[in-house]
Structures are given as C-alpha cells and as structure tokens.
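Participant: Take this structure first; my questions come after.
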Amino acid sequence: MRSATTTSQISVPFFDLSRLHNSLADQLQTGFDEIIAESAFIGGPAVEAFEKDWAGYCGVSHAVGVANGTDAIELVLRAMGVGPGDEVLVPANTFIASASAVIAAGAAPRFVDVDPGTLLIGADQVRAAVGPRTAAVLVVHLYGQPADVHAIEEVTKPLGIPIIEDAAQAHGAQLGGRMAGSLGLAGTFSFYPGKNLGALGDGGAVTTNDASLAERVRILANHGRAGGHHQHLAVGRNSRLDGMQAAFLRAKLPGLEGQNQARRRIVAECRSRLQNTRIDFVHHLPGAVSSNHLFVAQVDDRERFRSALGEAGIATSIHYPTPCHRHPAFDAHVPGYLPVVERAAERIVSLPLFPEMTQPEVDAVCEVIGEVMVGEERRR
Ligand SMILES: *Cc1c(COP(=O)(O)O)cnc(C)c1O
C-alpha cells in the first residue's frame with residue numbers, strides 16, 4: 001500500500017550537515033579569512049569573543065573553551081579536585097565519554113540506572129547510589145532533554161555533593177527557564193560537528209559561575225600555565241579551543257536558536273501525528289525545553305521496525321545500543337543489575353531529525369512510521 005503514496009518515495013537521511021554548512025558558506029569563509037589574517041590559531045580574539053558569547057548564551061559568567069566535550073568533563077573534575085579514591089555517579093544510558101572522562105580524571109564512575117519515562121538520571125537513582133566516596137554527580141542531559149537537576153539537588157545539596165551537567169547534547173535546552181550549563185556547579189559542552197552547535201572539527205567548553213573554578217580549568221587546559229608563558233603552576237594538559245574553530249562557532253551561534261526551534265517544530269508535528277499509534281516517545285519533564293538533539297522512541301520489535309523503515313528509505317540509528325557499563329572498557333566498574341537501562345537498550349531507536357529537514361521528509365517519516373505501527377498492531 002505504501003508504494004502508492006508519493007511522499008514515502010523519497011528517502012530521508014538520519015541527518016545532513018551539508019545543508020546547514022552550504023547555507024553558511026560565506027560566514028564560515030569570513031571567519032577563516034580573519035584567522036589567517038591574524039595568525040591567531042591558538043587562543044586570541046576569536047576564542048575570547050566566543051567564550052564571552054557562549055557564557056552569555058548559557059546565562060553564566062564564565063565559559064572556557066577546550067579541545068572537546070570529553071576533556072571538558074575531565075578538566076572540570078580535576079579542577080574541582082576530584083580524583084583517585086573518588087566516585088562520580090554517571091547514568092549508564094549515555095555516550096561512553098561521560099564515563100571515560102571520569103576515569104581520565106583519576107576517579108571511578110559509578111553507573112546508575114535511569115528513569116523509565118525520560119531515560120535520564122533522576123533523584124531516585126542518585127539517592128540509591130550516593131555513598132561516602134561520591135564526589136560529584138554527572139547529570140547527562142541526554143538526547144537534549146534536561147534531566148531533573150532540581151530534584152537531584154534536593155538529594156545532593158544536604159550532602160555537599162556538587163552537580164556537573166554533561167550538556168554535550170543540550171545546547172540551548174532549558175529547565176524552569178534556566179539554560180543547560182547554568183544549572184549545576186558547572187556545565188560541559190561538546191562542539192563536535194554533529195551536535196546542535198558544532199565546529200568544523202572538535203571543540204568543547206566548560207561553563208560556570210564560579211570564577212576560580214573557571215580559572216583552574218583554564219590553567220589545566222593550557223599546560224598548567226599561570227601568570228606568564230613560562231610559568232607553570234600545575235601539571236596540566238594541552239586541551240585548547242582552536243582560533244579557527246572559535247571563528248566557525250561564532251559564525252554558527254546566531255543560527256542556533258532558530259535551528260533548535262525548527263527541531264522542536266518537527267518533533268511536535270511528528271509526536272502529534274503519531275499520537276494514536278503505540279510508538280512510545282521519550283518523556284520530557286514538566287518545565288523542560290529540550291534541545292531535541294536526538295528524536296528517540298521505544299518500540300517493541302526494534303529490528304523489525306528499523307528494517308521496515310529502512311526499506312521505505314527512512315534512516316534510523318540507536319543511541320546507544322550497548323549500555324555504558326556493558327562495554328569491556330568498564331569491566332572494572334560493573335554495577336549491579338540496572339533493569340531500566342538494560343531493557344531500554346533493546347527498545348530505543350533514534351529517528352531522523354535535523355533543522356533543515358523538508359516538509360516532504362517530515363511527511364515521509366510520519367507516514368511510514370504510522371503505517372509500520374498499524375502493521376505492528378495487527379500482529380498482536
Ligand atoms: C558528544 C558527547 C560527549 C563527548 O564530546 P566530544 O566532543 O566528542 O569529546 C560527551 N557526552 C555526551 C553525552 C556526548 O553526546
């Protein structure tokens with residue numbers, strides 16, 4: 001039946017960065033030319049200007065550019081003095097970098113389960129896992145949805161345990177009117193090209209209202225340098241944001257809000273057109289505005305669902321097929337059974353979503369999923 005419709009004849013990519021970059025070619029070229037003219041490749045005015053822009057966007061007083069989102073997590077933990085002997089609570093449903101950065105800082109990730117509706121870390125999971133070695137909670141705003149920082153804070157604040165937000169997927173997300181990256185002691189961002197705000201290479205940032213924490217991150221990220229070029233206060237690293245990437249990010253930042261709105265419109269349309277099917281989209285918290293980095297649903301027979309969509313030309317993906325703690329990399333940190341994450345890993349599917357999707361592409365996604373879900377219903 002499906003082949004009789006016209007819209008589902010088109011194929012829909014999972015995502016397509018070239019549409020955005022083609023439309024910004026002039027601005028990106030201008031940024032490139034400026035950096036070449038200034039030879040300001042490491043640090044310099046473009047990095048300083050972007051840090052200021054990014055802090056302003058996130059509603060914090062400090063942003064420190066670093067080399068990538070993984071380093072941002074590691075460096076902020078080290079700057080807080082979190083290290084050997086300490087544990088950091090990390091949701092098992094996340095990209096592995098959330099956990100590997102904890103290990104890079106010398107601490108141990110303690111994997112926790114997630115809320116069955118949002119698939120995010122919540123207060124119950126934190127309450128069940130905090131202990132005497134807990135030095136921080138890494139709250140991951142996965143898929144771009146803000147996690148319940150306020151409820152988690154009710155557990156952690158009396159214990160004096162700080163919250164760090166892994167906002168690598170949450171550029172522009174909000175909770176109760178406040179921006180992701182401003183909700184905890186510090187926020188960490190990735191500007192990997194595929195994120196909501198992406199460089200043309202790697203990049204990252206730490207955001208915070210704590211001036212001395214920001215300064216310690218800056219020192220650690222720049223060879224421990226403080227005071228002068230040849231003065232090294234700490235054993236640091238080299239993890240800096242390139243001038244070129246900062247220039248590209250400055251060219252792209254003005255478009256971020258509009259792109260997030262386009263993502264929101266597409267998601268709202270698909271959710272409403274598919275509300276009478278059994279597809280189970282991840283839930284959002286009340287008062288939360290997602291950046292909609294990924295459009296994730298749970299389905300019962302995922303392999304059949306994905307191959308039906310694939311045959312109809314609709315690309316899908318899985319974020320993430322293996323829960324973090326199941327990777328051999330973390331054999332030394334295996335937690336107890338985490339039932340929600342284990343079950344979700346078999347049911348989650350990521351649908352195509354990017355701001356430049358055309359209406360015929362959105363129509364195709366909705367129509368094909370609608371038909372596939374009707375087929376699923378008949379099987380029952
Ligand atoms: C992308 C991502 C990271 C890592 O960022 P990089 O810039 O690739 O190092 C960390 N956490 C989450 C949740 C991510 O999605």
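Just remember, in the structure tokens the first chain shown is A, the second B, etc., residues are 1-based per chain, and ligands are 1-based in the order shown.
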List the spatial neighbours of Gln29 in chain A as a list in words - criterion: any atom at most 12 Å away, only C-alpha atoms, same-chain residues fewer than 4 positions off excluded.

Facilitator: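 Here the qualifying residues turn out to be His21, Asn22, Ser23, Leu24, Ala25, Asp33, Glu34, Ile35, Ile36, Leu200, Met244, Ala247, Phe248, Ala251 and Lys252 of chain A.
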
Participant: Would you export the selected residues with all heavy atoms as a CSV table (one decimal), in the first residue's frame, please?

Facilitator:
```csv
chain,number,residue,atom,x,y,z
A,21,HIS,N,25.8,23.9,6.3
A,21,HIS,CA,27.1,24.5,6.0
A,21,HIS,C,27.1,25.2,4.6
A,21,HIS,O,27.7,26.2,4.5
A,21,HIS,CB,28.2,23.5,6.2
A,21,HIS,CG,28.5,23.1,7.6
A,21,HIS,ND1,28.9,21.9,8.0
A,21,HIS,CD2,28.3,23.8,8.7
A,21,HIS,CE1,29.0,21.9,9.3
A,21,HIS,NE2,28.6,23.0,9.8
A,22,ASN,N,26.3,24.6,3.7
A,22,ASN,CA,26.2,25.3,2.4
A,22,ASN,C,25.5,26.6,2.6
A,22,ASN,O,25.9,27.6,1.9
A,22,ASN,CB,25.4,24.4,1.4
A,22,ASN,CG,26.2,23.2,1.0
A,22,ASN,OD1,27.4,23.2,1.1
A,22,ASN,ND2,25.5,22.2,0.5
A,23,SER,N,24.5,26.7,3.5
A,23,SER,CA,23.8,28.0,3.6
A,23,SER,C,24.7,29.0,4.4
A,23,SER,O,24.4,30.2,4.3
A,23,SER,CB,22.5,27.7,4.3
A,23,SER,OG,22.7,27.5,5.7
A,24,LEU,N,25.7,28.5,5.1
A,24,LEU,CA,26.5,29.5,5.9
A,24,LEU,C,27.9,29.7,5.2
A,24,LEU,O,28.8,30.2,5.9
A,24,LEU,CB,26.8,28.9,7.3
A,24,LEU,CG,25.6,29.0,8.2
A,24,LEU,CD1,26.0,28.2,9.5
A,24,LEU,CD2,25.3,30.5,8.6
A,25,ALA,N,28.1,29.2,4.0
A,25,ALA,CA,29.4,29.2,3.4
A,25,ALA,C,30.1,30.6,3.5
A,25,ALA,O,31.3,30.6,3.8
A,25,ALA,CB,29.3,28.8,1.9
A,33,ASP,N,39.1,33.5,6.9
A,33,ASP,CA,40.0,34.6,6.4
A,33,ASP,C,40.5,35.4,7.5
A,33,ASP,O,41.7,35.8,7.5
A,33,ASP,CB,39.2,35.5,5.4
A,33,ASP,CG,38.9,34.8,4.1
A,33,ASP,OD1,39.5,33.7,3.8
A,33,ASP,OD2,38.0,35.2,3.3
A,34,GLU,N,39.6,35.7,8.5
A,34,GLU,CA,40.1,36.5,9.6
A,34,GLU,C,41.2,35.9,10.4
A,34,GLU,O,42.2,36.5,10.8
A,34,GLU,CB,38.9,36.9,10.6
A,34,GLU,CG,38.0,38.0,10.1
A,34,GLU,CD,36.7,38.2,10.8
A,34,GLU,OE1,36.6,37.6,11.9
A,34,GLU,OE2,35.9,38.9,10.3
A,35,ILE,N,41.0,34.6,10.7
A,35,ILE,CA,42.0,33.8,11.4
A,35,ILE,C,43.3,33.8,10.7
A,35,ILE,O,44.4,34.0,11.2
A,35,ILE,CB,41.5,32.4,11.8
A,35,ILE,CG1,40.3,32.5,12.7
A,35,ILE,CG2,42.6,31.6,12.5
A,35,ILE,CD1,40.5,33.2,14.0
A,36,ILE,N,43.3,33.6,9.4
A,36,ILE,CA,44.5,33.5,8.6
A,36,ILE,C,45.2,34.9,8.7
A,36,ILE,O,46.4,35.0,8.9
A,36,ILE,CB,44.2,33.2,7.1
A,36,ILE,CG1,43.6,31.8,7.0
A,36,ILE,CG2,45.5,33.3,6.2
A,36,ILE,CD1,44.5,30.6,7.2
A,200,LEU,N,33.8,22.9,12.9
A,200,LEU,CA,34.1,22.1,11.7
A,200,LEU,C,35.3,21.2,12.1
A,200,LEU,O,36.3,21.1,11.4
A,200,LEU,CB,34.5,23.1,10.6
A,200,LEU,CG,33.4,24.1,10.2
A,200,LEU,CD1,33.7,24.8,8.9
A,200,LEU,CD2,32.0,23.5,10.1
A,244,MET,N,40.5,28.9,14.9
A,244,MET,CA,39.7,28.7,13.7
A,244,MET,C,38.3,28.1,14.1
A,244,MET,O,37.3,28.6,13.6
A,244,MET,CB,40.4,27.7,12.8
A,244,MET,CG,39.9,27.6,11.4
A,244,MET,SD,40.3,29.1,10.5
A,244,MET,CE,41.9,28.8,9.8
A,247,ALA,N,36.2,30.8,15.5
A,247,ALA,CA,35.6,31.7,14.5
A,247,ALA,C,34.4,31.0,13.8
A,247,ALA,O,33.4,31.6,13.5
A,247,ALA,CB,36.7,32.0,13.5
A,248,PHE,N,34.5,29.7,13.5
A,248,PHE,CA,33.4,29.0,12.9
A,248,PHE,C,32.2,28.9,13.9
A,248,PHE,O,31.0,29.1,13.5
A,248,PHE,CB,33.8,27.6,12.5
A,248,PHE,CG,34.8,27.5,11.4
A,248,PHE,CD1,35.8,26.5,11.5
A,248,PHE,CD2,34.8,28.4,10.4
A,248,PHE,CE1,36.8,26.4,10.5
A,248,PHE,CE2,35.8,28.3,9.4
A,248,PHE,CZ,36.8,27.3,9.4
A,251,ALA,N,30.4,32.1,13.9
A,251,ALA,CA,29.6,32.3,12.7
A,251,ALA,C,28.3,31.5,12.8
A,251,ALA,O,27.2,31.8,12.2
A,251,ALA,CB,30.4,31.8,11.4
A,252,LYS,N,28.3,30.4,13.5
A,252,LYS,CA,27.2,29.5,13.6
A,252,LYS,C,26.2,29.8,14.8
A,252,LYS,O,25.0,29.5,14.7
A,252,LYS,CB,27.6,28.0,13.6
A,252,LYS,CG,28.2,27.5,12.3
A,252,LYS,CD,28.7,26.1,12.4
A,252,LYS,CE,27.6,25.1,12.4
A,252,LYS,NZ,28.1,23.7,12.4
```

Participant: Contacts of Pro146 in chain A at 7 Å or less, counting only C-alpha atoms, minus same-chain residues fewer than 4 places along, as a list in words?

Facilitator: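 After dropping sequence-adjacent residues, the list is His141, Ala173, Gln174, Leu175, Ala180, Ala288 and Ser290 of chain A.
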
Participant: With DSSP run on the backbone, what are the alpha helix (DSSP H) residues within range 107-229 of chain A? I'd like them as a JSON list (two decimals) with N, CA, C and O atoms, in the first residue's frame.

Facilitator:
```json
[["chain", "number", "residue", "atom", "x", "y", "z"],
["A", 123, "ALA", "N", 16.39, 11.75, 40.64],
["A", 123, "ALA", "CA", 16.68, 11.81, 42.08],
["A", 123, "ALA", "C", 16.67, 10.42, 42.71],
["A", 123, "ALA", "O", 17.50, 10.12, 43.58],
["A", 124, "ASP", "N", 15.75, 9.55, 42.28],
["A", 124, "ASP", "CA", 15.67, 8.21, 42.89],
["A", 124, "ASP", "C", 16.96, 7.42, 42.65],
["A", 124, "ASP", "O", 17.47, 6.74, 43.54],
["A", 125, "GLN", "N", 17.46, 7.51, 41.43],
["A", 125, "GLN", "CA", 18.66, 6.76, 41.08],
["A", 125, "GLN", "C", 19.87, 7.30, 41.85],
["A", 125, "GLN", "O", 20.75, 6.55, 42.26],
["A", 126, "VAL", "N", 19.90, 8.63, 42.03],
["A", 126, "VAL", "CA", 21.02, 9.24, 42.76],
["A", 126, "VAL", "C", 20.94, 8.84, 44.24],
["A", 126, "VAL", "O", 21.94, 8.43, 44.85],
["A", 127, "ARG", "N", 19.72, 8.90, 44.80],
["A", 127, "ARG", "CA", 19.53, 8.56, 46.21],
["A", 127, "ARG", "C", 19.99, 7.14, 46.49],
["A", 127, "ARG", "O", 20.61, 6.86, 47.52],
["A", 128, "ALA", "N", 19.70, 6.24, 45.55],
["A", 128, "ALA", "CA", 20.05, 4.83, 45.76],
["A", 128, "ALA", "C", 21.55, 4.58, 45.65],
["A", 128, "ALA", "O", 22.04, 3.55, 46.11],
["A", 129, "ALA", "N", 22.28, 5.49, 45.04],
["A", 129, "ALA", "CA", 23.69, 5.20, 44.75],
["A", 129, "ALA", "C", 24.69, 6.06, 45.51],
["A", 129, "ALA", "O", 25.87, 5.71, 45.55],
["A", 149, "VAL", "N", 17.49, 18.30, 37.45],
["A", 149, "VAL", "CA", 18.56, 18.81, 38.30],
["A", 149, "VAL", "C", 18.05, 19.25, 39.66],
["A", 149, "VAL", "O", 18.68, 19.00, 40.69],
["A", 150, "HIS", "N", 16.86, 19.88, 39.68],
["A", 150, "HIS", "CA", 16.35, 20.42, 40.95],
["A", 150, "HIS", "C", 16.05, 19.31, 41.94],
["A", 150, "HIS", "O", 16.38, 19.40, 43.12],
["A", 151, "ALA", "N", 15.42, 18.24, 41.46],
["A", 151, "ALA", "CA", 15.11, 17.11, 42.36],
["A", 151, "ALA", "C", 16.41, 16.41, 42.80],
["A", 151, "ALA", "O", 16.53, 16.00, 43.95],
["A", 152, "ILE", "N", 17.36, 16.30, 41.90],
["A", 152, "ILE", "CA", 18.64, 15.66, 42.25],
["A", 152, "ILE", "C", 19.36, 16.50, 43.31],
["A", 152, "ILE", "O", 19.94, 15.98, 44.26],
["A", 153, "GLU", "N", 19.26, 17.81, 43.14],
["A", 153, "GLU", "CA", 19.89, 18.74, 44.08],
["A", 153, "GLU", "C", 19.34, 18.58, 45.50],
["A", 153, "GLU", "O", 20.08, 18.76, 46.48],
["A", 154, "GLU", "N", 18.07, 18.23, 45.59],
["A", 154, "GLU", "CA", 17.50, 18.02, 46.94],
["A", 154, "GLU", "C", 18.18, 16.86, 47.65],
["A", 154, "GLU", "O", 18.23, 16.82, 48.87],
["A", 155, "VAL", "N", 18.69, 15.92, 46.86],
["A", 155, "VAL", "CA", 19.42, 14.79, 47.46],
["A", 155, "VAL", "C", 20.87, 15.18, 47.74],
["A", 155, "VAL", "O", 21.43, 14.86, 48.79],
["A", 156, "THR", "N", 21.49, 15.88, 46.79],
["A", 156, "THR", "CA", 22.94, 16.10, 46.87],
["A", 156, "THR", "C", 23.33, 17.30, 47.73],
["A", 156, "THR", "O", 24.38, 17.28, 48.36],
["A", 211, "ALA", "N", 34.21, 31.73, 39.44],
["A", 211, "ALA", "CA", 35.38, 32.31, 38.76],
["A", 211, "ALA", "C", 36.65, 31.51, 39.02],
["A", 211, "ALA", "O", 37.48, 31.32, 38.11],
["A", 212, "SER", "N", 36.84, 31.02, 40.23],
["A", 212, "SER", "CA", 38.11, 30.34, 40.50],
["A", 212, "SER", "C", 38.10, 28.94, 39.86],
["A", 212, "SER", "O", 39.14, 28.47, 39.40],
["A", 213, "LEU", "N", 36.93, 28.32, 39.78],
["A", 213, "LEU", "CA", 36.85, 27.03, 39.07],
["A", 213, "LEU", "C", 37.18, 27.22, 37.58],
["A", 213, "LEU", "O", 37.95, 26.45, 36.99],
["A", 214, "ALA", "N", 36.62, 28.27, 36.99],
["A", 214, "ALA", "CA", 36.90, 28.57, 35.58],
["A", 214, "ALA", "C", 38.39, 28.79, 35.37],
["A", 214, "ALA", "O", 38.99, 28.28, 34.41],
["A", 215, "GLU", "N", 39.01, 29.51, 36.28],
["A", 215, "GLU", "CA", 40.44, 29.81, 36.14],
["A", 215, "GLU", "C", 41.27, 28.52, 36.26],
["A", 215, "GLU", "O", 42.23, 28.33, 35.51],
["A", 216, "ARG", "N", 40.88, 27.63, 37.19],
["A", 216, "ARG", "CA", 41.62, 26.37, 37.32],
["A", 216, "ARG", "C", 41.47, 25.51, 36.06],
["A", 216, "ARG", "O", 42.43, 24.87, 35.62],
["A", 217, "VAL", "N", 40.28, 25.49, 35.47],
["A", 217, "VAL", "CA", 40.10, 24.74, 34.21],
["A", 217, "VAL", "C", 41.02, 25.33, 33.14],
["A", 217, "VAL", "O", 41.72, 24.61, 32.42],
["A", 218, "ARG", "N", 41.06, 26.65, 33.07],
["A", 218, "ARG", "CA", 41.87, 27.33, 32.06],
["A", 218, "ARG", "C", 43.36, 26.99, 32.23],
["A", 218, "ARG", "O", 44.07, 26.74, 31.25],
["A", 219, "ILE", "N", 43.80, 26.96, 33.48],
["A", 219, "ILE", "CA", 45.21, 26.65, 33.76],
["A", 219, "ILE", "C", 45.51, 25.20, 33.37],
["A", 219, "ILE", "O", 46.50, 24.93, 32.66],
["A", 220, "LEU", "N", 44.66, 24.28, 33.79],
["A", 220, "LEU", "CA", 44.89, 22.85, 33.50],
["A", 220, "LEU", "C", 44.86, 22.58, 32.00],
["A", 220, "LEU", "O", 45.59, 21.72, 31.50],
["A", 221, "ALA", "N", 44.02, 23.31, 31.27],
["A", 221, "ALA", "CA", 43.86, 23.08, 29.83],
["A", 221, "ALA", "C", 45.00, 23.68, 29.02],
["A", 221, "ALA", "O", 45.13, 23.42, 27.83]]
```

Participant: Please identify the residues whose atoms come within 10 Å of ligand 1, using only C-alpha atoms and all ligand atoms, and report them as a compact mmCIF listing (two decimals) with N, CA and C atoms, in the first residue's frame.

Facilitator:
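pocket07.txt, freshly written:
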```txt
# COMPACT_ATOMS: atom_id res chain seq x y z
N VAL A 66 37.72 24.55 25.40
CA VAL A 66 38.68 23.44 25.49
C VAL A 66 38.60 22.64 24.20
N ALA A 67 39.39 21.56 24.12
CA ALA A 67 39.55 20.87 22.84
C ALA A 67 38.35 20.03 22.44
N ASN A 68 37.57 19.54 23.39
CA ASN A 68 36.42 18.70 23.07
C ASN A 68 35.57 18.51 24.32
N GLY A 69 34.43 17.86 24.16
CA GLY A 69 33.50 17.71 25.28
C GLY A 69 33.95 16.71 26.33
N THR A 70 34.76 15.75 25.93
CA THR A 70 35.28 14.77 26.88
C THR A 70 36.29 15.43 27.82
N ASP A 71 37.20 16.20 27.22
CA ASP A 71 38.17 16.94 28.04
C ASP A 71 37.46 17.92 28.98
N ALA A 72 36.37 18.50 28.53
CA ALA A 72 35.64 19.47 29.38
C ALA A 72 35.23 18.79 30.68
N ILE A 73 34.74 17.55 30.59
CA ILE A 73 34.33 16.82 31.80
C ILE A 73 35.55 16.50 32.67
N ASN A 93 22.95 5.08 30.79
CA ASN A 93 22.45 5.42 29.46
C ASN A 93 23.07 6.74 29.02
N THR A 94 24.24 6.66 28.42
CA THR A 94 24.92 7.87 27.92
C THR A 94 25.97 7.44 26.93
N PHE A 95 26.56 8.43 26.26
CA PHE A 95 27.72 8.16 25.40
C PHE A 95 28.90 7.83 26.32
N ILE A 96 29.75 6.90 25.92
CA ILE A 96 30.79 6.42 26.83
C ILE A 96 31.73 7.50 27.34
N ALA A 97 31.85 8.61 26.60
CA ALA A 97 32.78 9.68 27.01
C ALA A 97 32.44 10.24 28.38
N SER A 98 31.14 10.21 28.76
CA SER A 98 30.76 10.70 30.09
C SER A 98 31.54 9.93 31.15
N ALA A 99 31.68 8.64 30.95
CA ALA A 99 32.33 7.78 31.94
C ALA A 99 33.85 7.75 31.75
N SER A 100 34.31 7.74 30.50
CA SER A 100 35.76 7.66 30.31
C SER A 100 36.44 8.92 30.80
N ALA A 101 35.73 10.06 30.74
CA ALA A 101 36.31 11.31 31.25
C ALA A 101 36.50 11.25 32.76
N VAL A 139 25.30 14.79 35.74
CA VAL A 139 23.93 14.74 35.23
C VAL A 139 23.99 14.93 33.71
N VAL A 140 23.61 13.91 32.97
CA VAL A 140 23.70 13.99 31.50
C VAL A 140 22.33 14.35 30.94
N HIS A 141 22.28 15.46 30.21
CA HIS A 141 21.03 15.87 29.56
C HIS A 141 20.95 15.14 28.22
N LEU A 142 20.72 13.83 28.30
CA LEU A 142 20.83 13.01 27.09
C LEU A 142 19.70 13.29 26.12
N TYR A 143 20.01 13.23 24.86
CA TYR A 143 19.09 13.50 23.74
C TYR A 143 18.72 14.99 23.68
N GLY A 144 19.32 15.79 24.57
CA GLY A 144 18.98 17.21 24.61
C GLY A 144 17.92 17.55 25.64
N GLU A 165 26.88 19.20 34.93
CA GLU A 165 25.99 18.84 33.82
C GLU A 165 26.80 18.47 32.59
N ASP A 166 26.60 17.26 32.08
CA ASP A 166 27.14 16.92 30.76
C ASP A 166 26.09 17.38 29.76
N ALA A 167 26.33 18.58 29.21
CA ALA A 167 25.37 19.20 28.30
C ALA A 167 25.82 19.08 26.84
N ALA A 168 26.59 18.04 26.56
CA ALA A 168 27.14 17.85 25.21
C ALA A 168 26.06 17.73 24.13
N GLN A 169 24.83 17.37 24.56
CA GLN A 169 23.72 17.24 23.59
C GLN A 169 22.65 18.30 23.85
N ALA A 170 22.95 19.26 24.72
CA ALA A 170 21.86 20.10 25.24
C ALA A 170 22.07 21.61 25.04
N THR A 188 29.33 21.14 30.94
CA THR A 188 30.34 20.82 29.92
C THR A 188 29.64 20.65 28.58
N PHE A 189 30.25 21.20 27.54
CA PHE A 189 29.69 21.15 26.19
C PHE A 189 30.68 20.55 25.21
N SER A 190 30.15 19.91 24.20
CA SER A 190 30.94 19.45 23.06
C SER A 190 30.49 20.24 21.85
N PHE A 191 31.44 20.61 21.02
CA PHE A 191 31.10 21.23 19.72
C PHE A 191 31.52 20.32 18.57
N TYR A 192 31.47 19.02 18.81
CA TYR A 192 31.64 18.03 17.75
C TYR A 192 30.69 18.42 16.62
N PRO A 193 31.08 18.23 15.35
CA PRO A 193 30.26 18.77 14.25
C PRO A 193 28.78 18.38 14.29
N GLY A 194 28.46 17.20 14.75
CA GLY A 194 27.06 16.75 14.72
C GLY A 194 26.21 17.24 15.87
N LYS A 195 26.79 17.97 16.84
CA LYS A 195 25.98 18.45 17.96
C LYS A 195 25.11 19.64 17.51
N GLY A 198 27.91 22.92 16.39
CA GLY A 198 29.09 22.14 16.08
C GLY A 198 30.14 22.97 15.38
N ALA A 199 31.41 22.69 15.69
CA ALA A 199 32.52 23.30 14.98
C ALA A 199 32.73 22.55 13.66
N GLY A 201 35.22 20.65 13.26
CA GLY A 201 36.25 19.81 13.83
C GLY A 201 35.85 19.62 15.28
N ASP A 202 36.82 19.32 16.15
CA ASP A 202 36.49 19.15 17.56
C ASP A 202 36.52 20.48 18.31
N GLY A 203 35.76 20.54 19.38
CA GLY A 203 35.78 21.69 20.28
C GLY A 203 34.94 21.38 21.49
N GLY A 204 35.11 22.16 22.55
CA GLY A 204 34.31 21.97 23.75
C GLY A 204 34.40 23.18 24.64
N ALA A 205 33.62 23.20 25.72
CA ALA A 205 33.66 24.32 26.66
C ALA A 205 33.16 23.88 28.03
N HIS A 293 18.27 17.21 20.47
CA HIS A 293 19.45 16.75 19.73
C HIS A 293 19.14 15.45 19.00
N LEU A 294 18.46 14.54 19.71
CA LEU A 294 18.06 13.28 19.09
C LEU A 294 16.57 13.06 19.34
N HIS A 319 20.91 5.18 19.97
CA HIS A 319 21.76 5.89 20.93
C HIS A 319 21.35 5.52 22.35
```

Participant: I'd like the contact shell of Val90 in chain A - 6 Å cut-off, only C-alpha atoms, skipping same-chain residues fewer than 5 positions apart - returned as a list in words.

Facilitator: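 Once the adjacent positions are removed, what remains is Arg110, Phe111 and Leu138 of chain A.
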
Participant: Suppose you want the space between CA of Leu185 in chain A and CA of Gln259 in chain A; what is it in Å?

Facilitator: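 Separation of CA of Leu185 in chain A and CA of Gln259 in chain A: 27.5 Å.
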
Participant: Counting only C-alpha atoms, which residue out of A:Val235, A:Ala344, A:Tyr320, A:Ile10 sits closest to Ala79 in chain A?

Facilitator: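 Closest to Ala79 in chain A, using only C-alpha atoms: A:Val235.
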
Participant: Between CA of Val64 in chain A and CA of Pro109 in chain A, what is the spacing in Å?

Facilitator: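 Computed distance, CA of Pro109 in chain A to CA of Val64 in chain A, equals 24.1 Å.
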
Participant: Counting only C-alpha atoms, which residue out of A:Pro116, A:Pro13, A:Pro132, A:Gly258 sits closest to Pro355 in chain A?

Facilitator: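 Result for the nearest residue to Pro355 in chain A: A:Gly258.
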
Participant: Using DSSP on the backbone coordinates, identify all residues within range 87-256 of chain A classified as strand (DSSP E); present the result as a PyMOL selection string.

Facilitator: chain A and resi 87-91+108-112+134-140+163-166+174-175+178-179+186-190+204-208
